[in-house]
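Participant: Data: query-v4.tsv, TSV, C-alpha atoms.
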chain	number	residue	atom	x	y	z
N	1	MET	CA	-12.98	6.58	-9.34
N	2	ALA	CA	-14.56	3.13	-9.56
N	3	LYS	CA	-15.90	1.49	-6.41
N	4	ILE	CA	-14.36	-1.92	-5.74
N	5	LEU	CA	-15.26	-4.65	-3.27
N	6	THR	CA	-13.02	-7.71	-3.24
N	7	ALA	CA	-13.76	-11.06	-1.57
N	8	PRO	CA	-12.86	-14.75	-1.65
N	9	GLY	CA	-14.67	-16.88	-4.22
N	10	LYS	CA	-16.56	-18.75	-1.52
N	11	TYR	CA	-16.61	-18.62	2.30
N	12	ILE	CA	-17.65	-21.73	4.24
N	13	GLN	CA	-18.00	-21.95	8.04
N	14	GLY	CA	-19.30	-24.55	10.46
N	15	LYS	CA	-18.45	-27.43	12.78
N	16	GLY	CA	-16.75	-30.38	11.11
N	17	THR	CA	-15.90	-28.76	7.77
N	18	LEU	CA	-12.33	-30.10	7.98
N	19	LYS	CA	-13.74	-33.61	7.48
N	20	GLU	CA	-15.68	-32.39	4.44
N	21	LEU	CA	-12.84	-30.68	2.56
N	22	GLY	CA	-13.29	-32.78	-0.56
N	23	LYS	CA	-16.90	-31.69	-0.85
N	24	TYR	CA	-15.75	-28.12	-1.38
N	25	VAL	CA	-12.26	-28.49	-2.87
N	26	GLY	CA	-13.19	-31.11	-5.46
N	27	ASP	CA	-14.52	-28.48	-7.84
N	28	LEU	CA	-11.05	-26.89	-7.97
N	29	GLY	CA	-9.09	-30.06	-8.73
N	30	ASN	CA	-8.46	-33.62	-7.59
N	31	ASN	CA	-4.69	-33.66	-7.14
N	32	VAL	CA	-4.16	-31.75	-3.89
N	33	LEU	CA	-1.05	-30.39	-2.18
N	34	ALA	CA	-2.02	-29.53	1.40
N	35	ILE	CA	0.55	-27.31	3.12
N	36	CYS	CA	0.51	-27.73	6.93
N	37	ASP	CA	2.92	-27.06	9.76
N	38	GLU	CA	4.18	-29.82	12.05
N	39	PHE	CA	1.54	-29.19	14.74
N	40	ILE	CA	-1.31	-29.47	12.24
N	41	LEU	CA	0.15	-32.66	10.77
N	42	ASP	CA	0.42	-34.18	14.24
N	43	SER	CA	-3.02	-33.03	15.41
N	44	PHE	CA	-5.30	-33.09	12.36
N	45	SER	CA	-3.78	-35.26	9.62
N	46	LYS	CA	-6.40	-37.97	10.21
N	47	GLN	CA	-9.27	-35.49	9.76
N	48	ILE	CA	-7.60	-34.00	6.67
N	49	LYS	CA	-7.19	-37.44	5.10
N	50	VAL	CA	-10.84	-38.29	5.84
N	51	GLY	CA	-11.95	-35.00	4.32
N	52	LEU	CA	-9.91	-35.58	1.16
N	53	GLU	CA	-10.29	-39.35	0.86
N	54	ASP	CA	-11.65	-39.07	-2.69
N	55	GLU	CA	-8.80	-36.82	-3.84
N	56	GLN	CA	-5.17	-37.58	-4.58
N	57	LEU	CA	-3.49	-36.00	-1.55
N	58	ARG	CA	0.09	-35.01	-0.78
N	59	LEU	CA	0.74	-33.46	2.63
N	60	GLY	CA	3.52	-30.87	2.40
N	61	LYS	CA	5.18	-29.89	5.68
N	62	PHE	CA	5.57	-26.15	6.17
N	63	ASN	CA	8.90	-25.36	7.79
N	64	GLY	CA	7.70	-22.35	9.76
N	65	GLU	CA	8.66	-19.22	7.83
N	66	CYS	CA	6.90	-17.58	4.89
N	67	SER	CA	10.18	-16.87	3.11
N	68	ARG	CA	11.16	-16.81	-0.54
N	69	ALA	CA	13.15	-20.02	-0.07
N	70	GLU	CA	10.20	-21.85	1.52
N	71	ILE	CA	7.80	-20.62	-1.16
N	72	ASP	CA	10.20	-21.81	-3.87
N	73	ARG	CA	10.64	-25.20	-2.18
N	74	LEU	CA	6.91	-25.82	-1.96
N	75	LYS	CA	6.36	-24.47	-5.48
N	76	GLU	CA	8.79	-27.09	-6.77
N	77	LEU	CA	6.99	-29.77	-4.74
N	78	ALA	CA	3.64	-28.73	-6.23
N	79	GLN	CA	5.10	-28.91	-9.73
N	80	ALA	CA	6.76	-32.29	-9.09
N	81	GLU	CA	3.48	-33.71	-7.75
N	82	GLU	CA	1.54	-32.18	-10.66
N	83	ALA	CA	-0.82	-30.60	-8.12
N	84	GLU	CA	-4.07	-29.13	-9.40
N	85	VAL	CA	-4.99	-27.22	-6.23
N	86	ILE	CA	-3.13	-25.86	-3.19
N	87	ILE	CA	-4.61	-25.99	0.31
N	88	GLY	CA	-3.14	-24.09	3.26
N	89	ILE	CA	-4.14	-25.44	6.69
N	90	GLY	CA	-2.99	-23.76	9.89
N	91	GLY	CA	-1.98	-20.31	11.10
N	92	GLY	CA	-1.14	-17.07	9.33
N	93	LYS	CA	2.32	-17.83	7.93
N	94	THR	CA	1.20	-21.22	6.63
N	95	LEU	CA	-1.76	-19.62	4.90
N	96	ASP	CA	0.33	-16.79	3.42
N	97	THR	CA	2.78	-19.36	2.06
N	98	ALA	CA	-0.04	-21.37	0.48
N	99	LYS	CA	-1.39	-18.22	-1.19
N	100	ALA	CA	2.06	-17.38	-2.54
N	101	VAL	CA	2.65	-20.92	-3.85
N	102	SER	CA	-0.75	-20.78	-5.53
N	103	TYR	CA	0.20	-17.50	-7.20
N	104	TYR	CA	3.57	-18.69	-8.49
N	105	THR	CA	2.15	-22.01	-9.77
N	106	ASN	CA	-1.00	-20.41	-11.20
N	107	LEU	CA	-3.17	-22.87	-9.26
N	108	PRO	CA	-6.37	-22.32	-7.27
N	109	VAL	CA	-6.04	-22.14	-3.48
N	110	ALA	CA	-8.23	-23.08	-0.52
N	111	ILE	CA	-7.42	-21.49	2.83
N	112	VAL	CA	-8.29	-23.43	6.01
N	113	PRO	CA	-7.43	-21.45	9.18
N	114	THR	CA	-7.23	-23.39	12.44
N	115	ILE	CA	-7.40	-20.20	14.53
N	116	ALA	CA	-9.46	-17.00	14.21
N	117	ALA	CA	-6.68	-14.63	15.27
N	118	THR	CA	-6.62	-12.18	12.34
N	119	ASP	CA	-8.66	-11.05	9.33
N	120	ALA	CA	-5.95	-12.06	6.83
N	121	PRO	CA	-7.34	-15.42	5.53
N	122	CYS	CA	-9.75	-13.78	3.08
N	123	SER	CA	-7.23	-11.26	1.72
N	124	ALA	CA	-5.27	-11.08	-1.53
N	125	LEU	CA	-2.00	-10.59	0.33
N	126	SER	CA	0.98	-12.58	1.61
N	127	VAL	CA	3.54	-11.17	4.03
N	128	ILE	CA	7.05	-12.33	3.13
N	129	TYR	CA	9.84	-12.69	5.71
N	130	THR	CA	13.52	-13.56	5.58
N	131	GLU	CA	14.65	-17.02	6.70
N	132	GLU	CA	15.42	-15.40	10.08
N	133	GLY	CA	11.85	-14.11	10.45
N	134	VAL	CA	12.48	-10.43	9.63
N	135	PHE	CA	9.81	-8.69	7.54
N	136	GLU	CA	10.88	-8.40	3.91
N	137	GLU	CA	7.94	-7.35	1.74
N	138	TYR	CA	4.22	-7.53	1.00
N	139	LEU	CA	3.21	-9.73	-1.91
N	140	PHE	CA	0.00	-8.23	-3.32
N	141	LEU	CA	-1.89	-10.95	-5.14
N	142	PRO	CA	-4.14	-10.48	-8.18
N	143	SER	CA	-7.08	-12.26	-6.57
N	144	ASN	CA	-8.45	-13.43	-3.24
N	145	PRO	CA	-8.47	-17.13	-2.30
N	146	ASN	CA	-10.88	-19.35	-4.22
N	147	LEU	CA	-12.13	-20.85	-0.94
N	148	VAL	CA	-11.92	-19.99	2.74
N	149	ILE	CA	-13.09	-22.84	4.98
N	150	MET	CA	-13.52	-22.32	8.74
N	151	ASP	CA	-14.05	-25.36	10.98
N	152	THR	CA	-15.40	-23.76	14.15
N	153	LYS	CA	-14.93	-26.96	16.15
N	154	VAL	CA	-11.21	-26.89	15.40
N	155	ILE	CA	-10.99	-23.14	16.03
N	156	ALA	CA	-12.73	-23.50	19.41
N	157	GLN	CA	-10.14	-26.08	20.46
N	158	ALA	CA	-7.32	-23.55	20.09
N	159	PRO	CA	-6.29	-21.44	23.10
N	160	VAL	CA	-8.84	-18.66	23.70
N	161	GLU	CA	-6.07	-16.07	23.36
N	162	PHE	CA	-6.19	-16.56	19.59
N	163	LEU	CA	-9.90	-15.70	19.44
N	164	ILE	CA	-9.29	-12.64	21.64
N	165	ALA	CA	-6.47	-11.53	19.33
N	166	GLY	CA	-8.84	-11.78	16.36
N	167	ILE	CA	-11.37	-9.63	18.18
N	168	GLY	CA	-8.66	-7.03	18.76
N	169	ASP	CA	-7.71	-6.97	15.09
N	170	ALA	CA	-11.35	-6.74	14.00
N	171	LEU	CA	-12.09	-3.95	16.49
N	172	ALA	CA	-10.26	-1.46	14.26
N	173	THR	CA	-12.10	-2.33	11.05
N	174	TYR	CA	-15.12	-0.06	11.35
N	175	PHE	CA	-13.27	2.97	12.69
N	176	GLU	CA	-10.57	2.78	10.03
N	177	ALA	CA	-13.08	2.22	7.23
N	178	GLU	CA	-15.15	5.17	8.46
N	179	ALA	CA	-12.08	7.44	8.43
N	180	CYS	CA	-11.26	6.33	4.88
N	181	SER	CA	-14.85	7.00	3.80
N	182	VAL	CA	-14.36	10.67	4.76
N	183	THR	CA	-11.03	11.11	2.97
N	184	ARG	CA	-12.13	8.96	-0.01
N	185	VAL	CA	-8.70	7.36	-0.35
N	186	ASP	CA	-8.20	4.20	-2.38
N	187	ASN	CA	-8.91	0.99	-0.54
N	188	ILE	CA	-6.48	-1.93	-0.69
N	189	ALA	CA	-8.38	-3.30	-3.69
N	190	GLY	CA	-7.48	-0.13	-5.62
N	191	GLY	CA	-10.83	1.66	-5.73
N	192	SER	CA	-13.18	3.65	-3.56
N	193	GLN	CA	-15.48	2.15	-0.95
N	194	THR	CA	-18.80	0.55	-1.71
N	195	ALA	CA	-21.68	1.09	0.69
N	196	ALA	CA	-21.53	-2.65	1.32
N	197	ALA	CA	-17.93	-2.46	2.58
N	198	LEU	CA	-18.72	0.24	5.15
N	199	ASN	CA	-21.87	-1.54	6.29
N	200	LEU	CA	-19.99	-4.84	6.66
N	201	ALA	CA	-17.38	-3.02	8.75
N	202	GLN	CA	-20.10	-1.57	10.97
N	203	LEU	CA	-21.75	-4.98	11.34
N	204	CYS	CA	-18.36	-6.37	12.35
N	205	TYR	CA	-18.07	-3.82	15.18
N	206	GLU	CA	-21.63	-4.37	16.39
N	207	THR	CA	-21.15	-8.14	16.37
N	208	LEU	CA	-18.00	-7.87	18.46
N	209	LEU	CA	-19.74	-5.75	21.10
N	210	ASP	CA	-22.82	-7.98	21.19
N	211	TYR	CA	-21.18	-11.42	21.22
N	212	GLY	CA	-17.46	-11.04	21.99
N	213	VAL	CA	-17.56	-11.70	25.73
N	214	THR	CA	-20.10	-14.52	25.40
N	215	ALA	CA	-18.03	-16.20	22.68
N	216	LYS	CA	-14.88	-15.95	24.80
N	217	LYS	CA	-16.60	-17.68	27.71
N	218	ALA	CA	-17.97	-20.40	25.43
N	219	VAL	CA	-14.52	-21.18	24.01
N	220	GLU	CA	-13.08	-21.23	27.54
N	221	ALA	CA	-15.71	-23.87	28.33
N	222	GLY	CA	-14.77	-25.83	25.21
N	223	GLY	CA	-18.02	-25.21	23.35
N	224	VAL	CA	-19.12	-23.94	19.95
N	225	THR	CA	-22.18	-21.77	20.46
N	226	GLU	CA	-23.93	-19.44	18.04
N	227	ALA	CA	-21.98	-16.59	19.67
N	228	VAL	CA	-18.73	-18.35	18.74
N	229	GLU	CA	-19.96	-18.78	15.17
N	230	LYS	CA	-20.78	-15.06	14.97
N	231	ILE	CA	-17.40	-13.97	16.35
N	232	VAL	CA	-15.44	-16.30	14.07
N	233	GLU	CA	-17.33	-14.79	11.13
N	234	ALA	CA	-16.73	-11.25	12.40
N	235	ASN	CA	-13.00	-11.86	13.00
N	236	THR	CA	-12.46	-13.47	9.62
N	237	LEU	CA	-15.04	-12.58	6.98
N	238	LEU	CA	-16.59	-9.28	8.10
N	239	SER	CA	-13.28	-7.79	9.20
N	240	GLY	CA	-11.48	-9.24	6.17
N	241	LEU	CA	-13.89	-7.67	3.70
N	242	GLY	CA	-14.09	-4.51	5.80
N	243	PHE	CA	-10.36	-3.82	5.94
N	244	GLU	CA	-9.55	-4.77	2.35
N	245	SER	CA	-12.48	-2.99	0.73
N	246	GLY	CA	-12.95	-0.31	3.40
N	247	GLY	CA	-9.38	0.77	4.05
N	248	LEU	CA	-6.81	1.12	6.82
N	249	ALA	CA	-6.05	4.28	8.79
N	250	ALA	CA	-4.44	5.22	12.12
N	251	ALA	CA	-4.95	2.06	14.19
N	252	HIS	CA	-2.84	-0.26	12.05
N	253	ALA	CA	-0.17	2.40	11.51
N	254	ILE	CA	0.15	2.89	15.27
N	255	HIS	CA	0.34	-0.89	15.66
N	256	ASN	CA	3.29	-0.82	13.28
N	257	GLY	CA	4.82	1.94	15.35
N	258	PHE	CA	4.60	-0.15	18.53
N	259	THR	CA	6.73	-2.84	16.91
N	260	VAL	CA	9.81	-0.60	17.30
N	261	LEU	CA	9.65	-1.35	21.04
N	262	GLU	CA	11.04	-4.82	21.74
N	263	LYS	CA	8.89	-5.08	24.87
N	264	THR	CA	5.78	-5.33	22.71
N	265	HIS	CA	7.07	-8.22	20.57
N	266	SER	CA	5.50	-10.86	22.82
N	267	LYS	CA	2.05	-9.35	22.25
N	268	THR	CA	-0.15	-10.48	19.38
N	269	HIS	CA	-1.00	-8.36	16.35
N	270	GLY	CA	-4.58	-8.07	17.62
N	271	GLU	CA	-3.55	-6.94	21.09
N	272	LYS	CA	-1.49	-4.08	19.69
N	273	VAL	CA	-4.24	-3.17	17.20
N	274	ALA	CA	-6.84	-3.00	19.99
N	275	TYR	CA	-4.85	-0.45	22.00
N	276	SER	CA	-4.07	1.45	18.80
N	277	THR	CA	-7.78	1.59	17.97
N	278	ILE	CA	-8.45	3.44	21.22
N	279	VAL	CA	-5.59	5.81	20.32
N	280	GLN	CA	-7.28	6.50	16.97
N	281	LEU	CA	-10.54	7.32	18.77
N	282	VAL	CA	-8.71	9.83	20.97
N	283	LEU	CA	-7.01	11.36	17.92
N	284	GLU	CA	-10.42	11.77	16.30
N	285	ASP	CA	-11.88	13.35	19.46
N	286	ARG	CA	-14.69	10.82	19.51
N	287	PRO	CA	-17.38	11.37	22.16
N	288	PRO	CA	-16.21	10.19	25.61
N	289	ARG	CA	-19.05	7.64	25.75
N	290	VAL	CA	-17.69	5.92	22.60
N	291	ILE	CA	-14.12	5.82	23.93
N	292	GLU	CA	-15.35	4.56	27.29
N	293	GLN	CA	-17.46	1.87	25.58
N	294	VAL	CA	-14.46	0.53	23.64
N	295	ILE	CA	-12.15	0.64	26.69
N	296	ASN	CA	-14.69	-1.22	28.83
N	297	PHE	CA	-15.23	-3.81	26.09
N	298	CYS	CA	-11.48	-4.40	25.79
N	299	LYS	CA	-11.16	-4.85	29.54
N	300	GLU	CA	-14.06	-7.31	29.65
N	301	VAL	CA	-12.82	-9.44	26.76
N	302	GLY	CA	-9.18	-9.32	27.89
N	303	LEU	CA	-7.53	-6.91	25.45
N	304	PRO	CA	-4.90	-4.31	26.45
N	305	THR	CA	-6.03	-0.87	27.57
N	306	THR	CA	-2.83	0.39	29.23
N	307	LEU	CA	0.80	0.54	28.14
N	308	ALA	CA	1.66	-1.92	30.92
N	309	ASP	CA	-0.77	-4.37	29.31
N	310	LEU	CA	1.39	-4.11	26.18
N	311	GLY	CA	4.52	-4.91	28.18
N	312	ILE	CA	5.65	-1.28	28.50
N	313	GLU	CA	5.89	-1.04	32.29
N	314	GLN	CA	7.79	2.24	32.48
N	315	ALA	CA	6.87	4.34	29.47
N	316	THR	CA	8.91	7.42	28.69
N	317	GLU	CA	7.90	10.30	26.45
N	318	GLU	CA	11.03	9.68	24.39
N	319	GLY	CA	10.19	6.02	23.83
N	320	ILE	CA	6.55	6.72	22.96
N	321	LEU	CA	7.67	9.48	20.59
N	322	GLU	CA	9.71	6.87	18.70
N	323	VAL	CA	6.54	4.78	18.36
N	324	ALA	CA	4.70	7.86	17.11
N	325	LYS	CA	7.40	8.73	14.60
N	326	ALA	CA	7.34	5.19	13.19
N	327	SER	CA	3.54	5.43	12.93
N	328	CYS	CA	3.80	8.58	10.82
N	329	VAL	CA	6.45	7.64	8.27
N	330	GLU	CA	5.72	8.41	4.65
N	331	ASP	CA	3.15	6.11	3.02
N	332	GLU	CA	1.82	4.81	6.36
N	333	THR	CA	-1.94	4.38	6.51
N	334	ILE	CA	-2.21	6.98	9.29
N	335	HIS	CA	-2.17	9.55	6.49
N	336	ASN	CA	-5.58	8.23	5.40
N	337	MET	CA	-7.08	10.07	8.37
N	338	PRO	CA	-9.25	13.08	7.44
N	339	PHE	CA	-6.86	15.52	9.15
N	340	GLU	CA	-3.10	15.97	9.41
N	341	VAL	CA	-1.55	13.64	11.96
N	342	THR	CA	1.86	14.41	13.46
N	343	PRO	CA	4.12	12.36	15.74
N	344	GLY	CA	3.39	14.80	18.55
N	345	LEU	CA	-0.36	14.22	18.29
N	346	VAL	CA	0.12	10.45	18.24
N	347	LYS	CA	2.47	10.50	21.24
N	348	ASP	CA	-0.01	12.54	23.28
N	349	ALA	CA	-2.91	10.27	22.30
N	350	ILE	CA	-0.97	7.11	23.25
N	351	LEU	CA	-0.17	8.54	26.67
N	352	ALA	CA	-3.73	9.83	27.12
N	353	VAL	CA	-5.21	6.38	26.50
N	354	ASP	CA	-2.92	4.93	29.16
N	355	LYS	CA	-4.30	7.43	31.70
N	356	LEU	CA	-7.92	7.13	30.56
N	357	SER	CA	-7.85	3.37	31.04
N	358	ARG	CA	-6.59	3.32	34.62
Mind converting the file's structure to structure tokens?
Facilitator:
Amino acid sequence: MAKILTAPGKYIQGKGTLKELGKYVGDLGNNVLAICDEFILDSFSKQIKVGLEDEQLRLGKFNGECSRAEIDRLKELAQAEEAEVIIGIGGGKTLDTAKAVSYYTNLPVAIVPTIAATDAPCSALSVIYTEEGVFEEYLFLPSNPNLVIMDTKVIAQAPVEFLIAGIGDALATYFEAEACSVTRVDNIAGGSQTAAALNLAQLCYETLLDYGVTAKKAVEAGGVTEAVEKIVEANTLLSGLGFESGGLAAAHAIHNGFTVLEKTHSKTHGEKVAYSTIVQLVLEDRPPRVIEQVINFCKEVGLPTTLADLGIEQATEEGILEVAKASCVEDETIHNMPFEVTPGLVKDAILAVDKLSR
């Protein structure tokens, strides 16, 4: 099997890059459709216009849901404006919509996240929902974004909870990639792992442990330090390359299982992934010092380590078994683990983590 590593065409990160968009986007085209939600238009339209002052710019308001109808509406707008390049500026659903519009119009796309809450910006994937916000399907794209541009000054202005959520999502990357390296399953790019992918995933984990708490405190103080720069890169680039070219395993499957409990719906993707990562470590029978290190890190940075932290105040074996069953459905990534995983094992591991963390 061929080894495949997939990545965006170019990754750019630093303070003030939003005001320099034209410097990077100009090579892709001069007639720009920038897709932004209402908050971004209200808060950053001046900076966007400054950054693209030499380009022909149309700001397209994103209506809030990455649905087929919204993608079609913005596709028609891009065609009517004779756009040459699509830019997505904002959070995850805005960015996924921009990637989908780019795909259906066969135009290049630049992705400009305003938070560092997940590792999705670099990926060749859009998650499609119904108009009511119910998951519908994954749209697997033939290529990664042409550009990913991170303005760390903008990202540091967002509530610190978004950065913490990104740390939680990235925490799983190394452990899942390592599990996939043992089983030699296909990665999301459709090939086997490169050594680079696994090493990037490991660097992601080490960066989180070394700089996560310091970066959190810096953002709480309103600053952009080198620790913040390192964590934004870990959350976005290192974790993005690590998960897509390394593979997913138990942690993200267990996250998906937790979504069957309505009490967890108020928690971020990264918060649920962080707890699920500890569950994967217990399933793997990792050395106690490793499990303790991850639990202590989560506590220090503000990520969940108990079921109560996830909103499950009174957990029952029956309820947790439903989570475990949903984690183990056919085709879930939990089956990329190098041993057979059953709902019973997952249920026991979820409950064990809750006790270990108290």
Participant: So which residues fall inside 8 Å of (-17.7, -4.3, 13.0) if we count all atoms listed in the file? Mind giving them as an mmCIF file with C-alpha atoms, in the frame of the given file?
Facilitator:
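Final file, part31.cif:
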data_model
loop_
_atom_site.group_PDB
_atom_site.id
_atom_site.type_symbol
_atom_site.label_atom_id
_atom_site.label_comp_id
_atom_site.auth_asym_id
_atom_site.auth_seq_id
_atom_site.Cartn_x
_atom_site.Cartn_y
_atom_site.Cartn_z
ATOM 1 C CA ALA N 170 -11.350 -6.740 14.000
ATOM 2 C CA LEU N 171 -12.090 -3.950 16.490
ATOM 3 C CA THR N 173 -12.100 -2.330 11.050
ATOM 4 C CA TYR N 174 -15.120 -0.060 11.350
ATOM 5 C CA LEU N 200 -19.990 -4.840 6.660
ATOM 6 C CA ALA N 201 -17.380 -3.020 8.750
ATOM 7 C CA GLN N 202 -20.100 -1.570 10.970
ATOM 8 C CA LEU N 203 -21.750 -4.980 11.340
ATOM 9 C CA CYS N 204 -18.360 -6.370 12.350
ATOM 10 C CA TYR N 205 -18.070 -3.820 15.180
ATOM 11 C CA GLU N 206 -21.630 -4.370 16.390
ATOM 12 C CA THR N 207 -21.150 -8.140 16.370
ATOM 13 C CA LEU N 208 -18.000 -7.870 18.460
ATOM 14 C CA ALA N 234 -16.730 -11.250 12.400
ATOM 15 C CA LEU N 238 -16.590 -9.280 8.100
ATOM 16 C CA SER N 239 -13.280 -7.790 9.200
#
Participant: Which residue out of N:Ala34, N:Glu271, N:Thr225, N:Ser123 has the minimum interatomic distance to Gly242 (chain N) when all atoms listed in the file are used?
Facilitator: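 Distance minimum relative to Gly242 (chain N) lands on N:Ser123.
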Participant: Just how far from CA of Ala110 (chain N) is CA of Cys66 (chain N), in Å to one decimal?
Facilitator: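 Those two atoms sit 17.0 Å apart.
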Participant: Give the answer as one residue: which of N:Gly88, N:Gly64, N:Pro108, N:Gly191 has the shortest atom-to-atom distance to Tyr129 (chain N), using only C-alpha atoms?
Facilitator: N:Gly64
Participant: Taking all atoms listed in the file into account, name the residue in N:Ile312, N:Arg68, N:Ala326, N:Leu95 that is nearest to His265 (chain N).
Facilitator: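 Among the listed residues, the smallest separation from His265 (chain N) belongs to N:Ile312.
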Participant: Can you work out which one of N:Cys122, N:Val341, N:Ala172, N:Ile320 has the shortest atom-to-atom distance to Lys272 (chain N), counting all atoms listed in the file?
Facilitator: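 With all atoms listed in the file as the atom set, the closest residue is N:Ala172.
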Participant: One decimal, in Å: what's the spacing between CA of Gly240 (chain N) and CA of Ala7 (chain N)?
Facilitator: 8.3 Å
Participant: Between N:Ala195, N:Val228, N:Arg184, N:Leu310, which one has atoms that come closest to Ala249 (chain N), using all atoms listed in the file?
Facilitator: N:Arg184
Participant: With a distance cut-off of 8 Å and all atoms listed in the file, select the neighbouring residues of Asp354 (chain N), excluding the residue or stretch itself and same-chain residues fewer than 6 positions from it, and output the selection as a list of chain:residue names.
Facilitator: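 Answer for this query is N:Thr305, N:Thr306, N:Leu307.
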Participant: I need the residues from that last selection saved to file as a PDB file, in the frame of the given file (with C-alpha atoms), if you can.
Facilitator:
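File written: selection.pdb
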ATOM      1  CA  THR N 305      -6.030  -0.870  27.570  1.00  0.00           C
ATOM      2  CA  THR N 306      -2.830   0.390  29.230  1.00  0.00           C
ATOM      3  CA  LEU N 307       0.800   0.540  28.140  1.00  0.00           C
TER       4      LEU N 307
END
Participant: Using all atoms listed in the file, which of N:Cys180, N:Val282, N:Leu139, N:Ala324 sits nearest Ala197 (chain N)?
Facilitator: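 Among N:Cys180, N:Val282, N:Leu139, N:Ala324, it is N:Cys180 that comes nearest to Ala197 (chain N).
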Participant: Any idea what the distance is between CA of Leu198 (chain N) and CA of Ala177 (chain N)?
Facilitator: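 So the answer is 6.3 Å.
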Participant: Around the point (-1.5, 8.8, 23.1) (coordinates from the file), which residues reach within 9 Å if we count only C-alpha atoms? Answer as a PyMOL selection string.
Facilitator: chain N and resi 276+278-280+282-283+320+324+344-354
Participant: Show me, as a ChimeraX atom specification, the residues that have an atom within 8 Å of region 41-49 of chain N when counting only C-alpha atoms, minus same-chain residues fewer than 5 positions from it.
Facilitator: /N:18-19,21,36,57,61
Participant: Would you list the contacts of Gly90 (chain N) as a PDB file with C-alpha atoms, in the coordinates of the input, taking every protein, DNA or RNA residue within 7 Å and counting only C-alpha atoms, but skipping same-chain residues closer than 3 positions in sequence?
Facilitator:
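The resulting file, result-v4.pdb, is shown below:
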ATOM      1  CA  CYS N  36       0.510 -27.730   6.930  1.00  0.00           C
ATOM      2  CA  ASP N  37       2.920 -27.060   9.760  1.00  0.00           C
ATOM      3  CA  ILE N  40      -1.310 -29.470  12.240  1.00  0.00           C
ATOM      4  CA  THR N  94       1.200 -21.220   6.630  1.00  0.00           C
ATOM      5  CA  LEU N  95      -1.760 -19.620   4.900  1.00  0.00           C
ATOM      6  CA  VAL N 112      -8.290 -23.430   6.010  1.00  0.00           C
ATOM      7  CA  PRO N 113      -7.430 -21.450   9.180  1.00  0.00           C
ATOM      8  CA  THR N 114      -7.230 -23.390  12.440  1.00  0.00           C
TER       9      THR N 114
END
Participant: With a distance cut-off of 10 Å and only C-alpha atoms, select the neighbouring residues of Asp186 (chain N), excluding the residue or stretch itself and same-chain residues fewer than 5 positions from it, and output the selection as a VMD selection string.
Facilitator: chain N and resid 1 to 4 180 to 181 191 to 193 245 to 248 336
Participant: Can you tell me, as a ChimeraX atom specification, what residues are no more than 12 Å from region 299-301 of chain N when counting only C-alpha atoms, ignoring any on the same chain fewer than 4 positions away?
Facilitator: /N:160-161,163-168,171,208-217,220,271,274-275,292-295,305-306,309,357-358
